[in-house]
Amino acid sequence: MKDGSPPRARGGWRPARPEPQEMDFTAADLPRVRRFTVTWAAKAGMSADAADDFVIAVNEIATNAVRHGSPRASLRLWVGAGAGIAEIRDSGHWDAALAPPSLPRRPAEQGGMGLAVARLVCDGLQVKATSAGTAVLLRMTLR
């Protein structure tokens with residue numbers, strides 16, 4: 001009996017990959033960045049726990065981008081190699097991006113923990129600092 005639903009493949013049915021999505025944002029748009037990421041993560045098929053962690057990481061890096069990088073930044077989300085990927089890009093210059101931290105860390109209540117939090121919750125994090133700005137790539141395995 002056919003009900004119009006797609007045929008099941010071995011191993012169960014998986015949702016189609018969402019198209020890559022992009023948005024520009026400012027500090028005032030950070031709540032929208034979170035909603036945008038939540039919606040995209042669900043479409044990508046992330047588990048609820050992985051999606052929660054991914055949203056936390058994207059929010060931390062997006063906040064850093066507009067707080068320390070430039071007033072406007074961009075977010076791009078896509079699926080690649082079994083993972084959700086987020087790229088947060090700003091036009092700020094971060095000369096210390098590739099250097100190891102030389103100053104003692106501040107207490108968490110003073111901020112400055114965004115990059116560390118993102119590293120903890122994501123499966124991969126890469127910082128690319130160039131003369132055109134800074135890009136942070138976050139990777140979360142689709143589980």
# chains A, B, ... in the order shown; residues from 1 in each chain; ligands from 1
>>> residues_around(residues="A:Ala41", least_positions_apart="6", cutoff="12 Å", atoms="only C-alpha atoms", output="PyMOL selection string")
chain A and resi 15+17-21+34-35+47-56+58+77-79+83-86+139-143
>>> write_last_selection(atoms="N, CA and C atoms", output="PDB file, in the first residue's frame")
ATOM      1  N   PRO A  15      16.463  12.665   6.483  1.00  0.00           N
ATOM      2  CA  PRO A  15      15.994  13.868   5.787  1.00  0.00           C
ATOM      3  C   PRO A  15      17.029  14.331   4.768  1.00  0.00           C
ATOM      4  N   ARG A  17      19.534  16.751   2.912  1.00  0.00           N
ATOM      5  CA  ARG A  17      20.421  17.800   3.445  1.00  0.00           C
ATOM      6  C   ARG A  17      19.826  19.165   3.149  1.00  0.00           C
ATOM      7  N   PRO A  18      19.871  20.045   4.127  1.00  0.00           N
ATOM      8  CA  PRO A  18      19.402  21.407   3.840  1.00  0.00           C
ATOM      9  C   PRO A  18      20.403  22.118   2.940  1.00  0.00           C
ATOM     10  N   GLU A  19      19.900  23.045   2.185  1.00  0.00           N
ATOM     11  CA  GLU A  19      20.773  23.885   1.368  1.00  0.00           C
ATOM     12  C   GLU A  19      21.643  24.731   2.293  1.00  0.00           C
ATOM     13  N   PRO A  20      22.838  25.107   1.837  1.00  0.00           N
ATOM     14  CA  PRO A  20      23.635  26.045   2.639  1.00  0.00           C
ATOM     15  C   PRO A  20      22.820  27.313   2.904  1.00  0.00           C
ATOM     16  N   GLN A  21      22.961  27.856   4.090  1.00  0.00           N
ATOM     17  CA  GLN A  21      22.223  29.055   4.490  1.00  0.00           C
ATOM     18  C   GLN A  21      23.219  30.098   4.969  1.00  0.00           C
ATOM     19  N   ARG A  34      20.770  32.703  16.801  1.00  0.00           N
ATOM     20  CA  ARG A  34      20.465  31.462  17.526  1.00  0.00           C
ATOM     21  C   ARG A  34      19.272  30.746  16.911  1.00  0.00           C
ATOM     22  N   ARG A  35      18.189  31.475  16.623  1.00  0.00           N
ATOM     23  CA  ARG A  35      16.994  30.848  16.021  1.00  0.00           C
ATOM     24  C   ARG A  35      17.314  30.270  14.645  1.00  0.00           C
ATOM     25  N   SER A  47      21.025  15.544  16.269  1.00  0.00           N
ATOM     26  CA  SER A  47      20.288  15.153  17.472  1.00  0.00           C
ATOM     27  C   SER A  47      20.049  16.414  18.309  1.00  0.00           C
ATOM     28  N   ALA A  48      19.089  16.340  19.213  1.00  0.00           N
ATOM     29  CA  ALA A  48      18.776  17.497  20.050  1.00  0.00           C
ATOM     30  C   ALA A  48      19.989  17.932  20.870  1.00  0.00           C
ATOM     31  N   ASP A  49      20.713  16.972  21.440  1.00  0.00           N
ATOM     32  CA  ASP A  49      21.893  17.322  22.248  1.00  0.00           C
ATOM     33  C   ASP A  49      22.985  17.969  21.408  1.00  0.00           C
ATOM     34  N   ALA A  50      23.254  17.397  20.229  1.00  0.00           N
ATOM     35  CA  ALA A  50      24.278  17.965  19.353  1.00  0.00           C
ATOM     36  C   ALA A  50      23.856  19.354  18.880  1.00  0.00           C
ATOM     37  N   ALA A  51      22.573  19.516  18.546  1.00  0.00           N
ATOM     38  CA  ALA A  51      22.080  20.820  18.089  1.00  0.00           C
ATOM     39  C   ALA A  51      22.216  21.866  19.193  1.00  0.00           C
ATOM     40  N   ASP A  52      21.889  21.487  20.433  1.00  0.00           N
ATOM     41  CA  ASP A  52      22.042  22.434  21.549  1.00  0.00           C
ATOM     42  C   ASP A  52      23.490  22.900  21.673  1.00  0.00           C
ATOM     43  N   ASP A  53      24.420  21.944  21.619  1.00  0.00           N
ATOM     44  CA  ASP A  53      25.843  22.297  21.715  1.00  0.00           C
ATOM     45  C   ASP A  53      26.283  23.162  20.539  1.00  0.00           C
ATOM     46  N   PHE A  54      25.810  22.830  19.334  1.00  0.00           N
ATOM     47  CA  PHE A  54      26.172  23.575  18.132  1.00  0.00           C
ATOM     48  C   PHE A  54      25.680  25.021  18.240  1.00  0.00           C
ATOM     49  N   VAL A  55      24.451  25.194  18.712  1.00  0.00           N
ATOM     50  CA  VAL A  55      23.897  26.546  18.865  1.00  0.00           C
ATOM     51  C   VAL A  55      24.699  27.340  19.888  1.00  0.00           C
ATOM     52  N   ILE A  56      25.080  26.694  20.991  1.00  0.00           N
ATOM     53  CA  ILE A  56      25.913  27.375  21.996  1.00  0.00           C
ATOM     54  C   ILE A  56      27.221  27.845  21.360  1.00  0.00           C
ATOM     55  N   VAL A  58      28.005  28.322  18.108  1.00  0.00           N
ATOM     56  CA  VAL A  58      27.778  29.371  17.105  1.00  0.00           C
ATOM     57  C   VAL A  58      27.515  30.704  17.800  1.00  0.00           C
ATOM     58  N   LEU A  77      26.057  28.274   7.118  1.00  0.00           N
ATOM     59  CA  LEU A  77      25.846  26.925   7.621  1.00  0.00           C
ATOM     60  C   LEU A  77      25.689  25.968   6.450  1.00  0.00           C
ATOM     61  N   TRP A  78      26.362  24.802   6.513  1.00  0.00           N
ATOM     62  CA  TRP A  78      26.199  23.787   5.476  1.00  0.00           C
ATOM     63  C   TRP A  78      26.552  22.423   6.050  1.00  0.00           C
ATOM     64  N   VAL A  79      26.194  21.389   5.295  1.00  0.00           N
ATOM     65  CA  VAL A  79      26.524  20.017   5.669  1.00  0.00           C
ATOM     66  C   VAL A  79      27.646  19.540   4.764  1.00  0.00           C
ATOM     67  N   ALA A  83      28.866  16.100   8.701  1.00  0.00           N
ATOM     68  CA  ALA A  83      28.902  17.060   9.808  1.00  0.00           C
ATOM     69  C   ALA A  83      28.208  18.355   9.418  1.00  0.00           C
ATOM     70  N   GLY A  84      27.672  19.027  10.421  1.00  0.00           N
ATOM     71  CA  GLY A  84      27.192  20.383  10.245  1.00  0.00           C
ATOM     72  C   GLY A  84      28.382  21.316  10.408  1.00  0.00           C
ATOM     73  N   ILE A  85      28.507  22.257   9.496  1.00  0.00           N
ATOM     74  CA  ILE A  85      29.627  23.202   9.518  1.00  0.00           C
ATOM     75  C   ILE A  85      29.056  24.615   9.631  1.00  0.00           C
ATOM     76  N   ALA A  86      29.649  25.392  10.501  1.00  0.00           N
ATOM     77  CA  ALA A  86      29.313  26.818  10.619  1.00  0.00           C
ATOM     78  C   ALA A  86      30.582  27.615  10.384  1.00  0.00           C
ATOM     79  N   ARG A 139      32.681  22.537  13.543  1.00  0.00           N
ATOM     80  CA  ARG A 139      32.226  21.267  12.968  1.00  0.00           C
ATOM     81  C   ARG A 139      31.532  20.459  14.042  1.00  0.00           C
ATOM     82  N   MET A 140      30.310  19.981  13.721  1.00  0.00           N
ATOM     83  CA  MET A 140      29.562  19.119  14.640  1.00  0.00           C
ATOM     84  C   MET A 140      29.052  17.903  13.856  1.00  0.00           C
ATOM     85  N   THR A 141      29.514  16.731  14.250  1.00  0.00           N
ATOM     86  CA  THR A 141      29.097  15.508  13.589  1.00  0.00           C
ATOM     87  C   THR A 141      27.589  15.345  13.691  1.00  0.00           C
ATOM     88  N   LEU A 142      26.965  14.952  12.579  1.00  0.00           N
ATOM     89  CA  LEU A 142      25.529  14.695  12.582  1.00  0.00           C
ATOM     90  C   LEU A 142      25.301  13.358  13.268  1.00  0.00           C
ATOM     91  N   ARG A 143      24.633  13.366  14.400  1.00  0.00           N
ATOM     92  CA  ARG A 143      24.386  12.141  15.165  1.00  0.00           C
ATOM     93  C   ARG A 143      22.914  11.913  15.293  1.00  0.00           C
TER      94      ARG A 143
END
>>> residues_around(residues="A:Ala65", least_positions_apart="6", cutoff="12 Å", atoms="only C-alpha atoms", output="compact mmCIF listing (two decimals) with C-alpha atoms, in the first residue's frame")
# COMPACT_ATOMS: atom_id res chain seq x y z
CA ASP A 24 24.69 38.80 8.00
CA PHE A 25 24.26 40.03 11.55
CA THR A 26 25.11 42.66 14.15
CA ALA A 27 25.08 42.43 17.94
CA LEU A 30 22.29 37.59 18.03
CA VAL A 58 27.78 29.37 17.11
CA ASN A 59 26.39 31.92 19.56
CA PRO A 71 30.19 45.59 13.91
CA ARG A 72 28.84 43.35 11.11
CA ALA A 73 29.65 39.69 10.65
CA SER A 74 28.31 36.75 8.65
CA LEU A 75 27.24 33.19 9.38
CA GLU A 87 31.58 29.58 9.39
CA ILE A 88 31.44 32.86 11.29
CA ARG A 89 33.35 35.62 9.53
CA ASP A 90 34.12 39.21 10.50
CA SER A 91 36.41 41.89 9.08
CA GLY A 92 38.37 42.40 12.29
CA HIS A 93 42.05 41.60 12.64
CA TRP A 94 43.17 39.19 15.32
CA GLY A 114 33.68 31.77 24.10
CA LEU A 115 36.45 30.13 22.11
CA VAL A 127 40.48 29.81 13.18
CA GLY A 133 39.42 39.47 8.64
CA THR A 134 38.85 36.41 10.80
CA ALA A 135 36.83 33.29 10.07
CA VAL A 136 36.04 30.56 12.58
>>> select_by_dssp(residues="stretch 10-129 of chain A", states="strand (DSSP E or B)", output="PyMOL selection string")
chain A and resi 21-25+73-80+83-90+124-129
>>> write_last_selection(atoms="N, CA and C atoms", output="compact mmCIF listing (two decimals), in the first residue's frame")
# COMPACT_ATOMS: atom_id res chain seq x y z
N GLN A 21 22.96 27.86 4.09
CA GLN A 21 22.22 29.05 4.49
C GLN A 21 23.22 30.10 4.97
N GLU A 22 22.91 31.35 4.69
CA GLU A 22 23.79 32.45 5.11
C GLU A 22 22.97 33.59 5.67
N MET A 23 23.59 34.31 6.59
CA MET A 23 22.98 35.54 7.08
C MET A 23 24.08 36.49 7.56
N ASP A 24 23.84 37.77 7.41
CA ASP A 24 24.69 38.80 8.00
C ASP A 24 24.04 39.22 9.31
N PHE A 25 24.84 39.66 10.26
CA PHE A 25 24.26 40.03 11.55
C PHE A 25 25.11 41.08 12.25
N ALA A 73 28.98 40.96 10.90
CA ALA A 73 29.65 39.69 10.65
C ALA A 73 28.68 38.82 9.84
N SER A 74 29.17 37.65 9.42
CA SER A 74 28.31 36.75 8.65
C SER A 74 28.40 35.34 9.20
N LEU A 75 27.33 34.59 8.98
CA LEU A 75 27.24 33.19 9.38
C LEU A 75 26.84 32.40 8.15
N ARG A 76 27.55 31.32 7.89
CA ARG A 76 27.20 30.40 6.81
C ARG A 76 27.13 29.01 7.42
N LEU A 77 26.06 28.27 7.12
CA LEU A 77 25.85 26.92 7.62
C LEU A 77 25.69 25.97 6.45
N TRP A 78 26.36 24.80 6.51
CA TRP A 78 26.20 23.79 5.48
C TRP A 78 26.55 22.42 6.05
N VAL A 79 26.19 21.39 5.29
CA VAL A 79 26.52 20.02 5.67
C VAL A 79 27.65 19.54 4.76
N GLY A 80 28.66 18.92 5.37
CA GLY A 80 29.77 18.37 4.61
C GLY A 80 30.40 17.22 5.34
N ALA A 83 28.87 16.10 8.70
CA ALA A 83 28.90 17.06 9.81
C ALA A 83 28.21 18.35 9.42
N GLY A 84 27.67 19.03 10.42
CA GLY A 84 27.19 20.38 10.25
C GLY A 84 28.38 21.32 10.41
N ILE A 85 28.51 22.26 9.50
CA ILE A 85 29.63 23.20 9.52
C ILE A 85 29.06 24.62 9.63
N ALA A 86 29.65 25.39 10.50
CA ALA A 86 29.31 26.82 10.62
C ALA A 86 30.58 27.61 10.38
N GLU A 87 30.47 28.64 9.58
CA GLU A 87 31.58 29.58 9.39
C GLU A 87 31.08 30.95 9.83
N ILE A 88 31.74 31.51 10.82
CA ILE A 88 31.44 32.86 11.29
C ILE A 88 32.61 33.73 10.87
N ARG A 89 32.30 34.78 10.12
CA ARG A 89 33.35 35.62 9.53
C ARG A 89 33.11 37.07 9.90
N ASP A 90 34.19 37.76 10.26
CA ASP A 90 34.12 39.21 10.50
C ASP A 90 35.30 39.86 9.80
N GLY A 124 35.11 19.97 16.08
CA GLY A 124 36.25 20.62 15.45
C GLY A 124 36.08 22.12 15.44
N LEU A 125 37.18 22.83 15.56
CA LEU A 125 37.18 24.29 15.51
C LEU A 125 38.47 24.72 14.84
N GLN A 126 38.35 25.62 13.87
CA GLN A 126 39.51 26.14 13.17
C GLN A 126 39.38 27.64 13.03
N VAL A 127 40.46 28.36 13.32
CA VAL A 127 40.48 29.81 13.18
C VAL A 127 41.37 30.16 12.00
N LYS A 128 40.83 31.00 11.11
CA LYS A 128 41.59 31.49 9.96
C LYS A 128 41.66 33.01 10.07
N ALA A 129 42.82 33.54 10.35
CA ALA A 129 43.00 34.99 10.45
C ALA A 129 43.82 35.46 9.26
>>> closest_residue(among="A:Ile61, A:Ala16, A:Ala44, A:Leu137", to="A:Ala116", atoms="only C-alpha atoms")
A:Ile61
>>> atom_distance(atom1="atom CA of A:Val121", atom2="atom CA of A:Ala62")
15.1 Å
>>> atom_distance(atom1="atom CA of A:Pro31", atom2="atom CA of A:Arg67")
14.6 Å
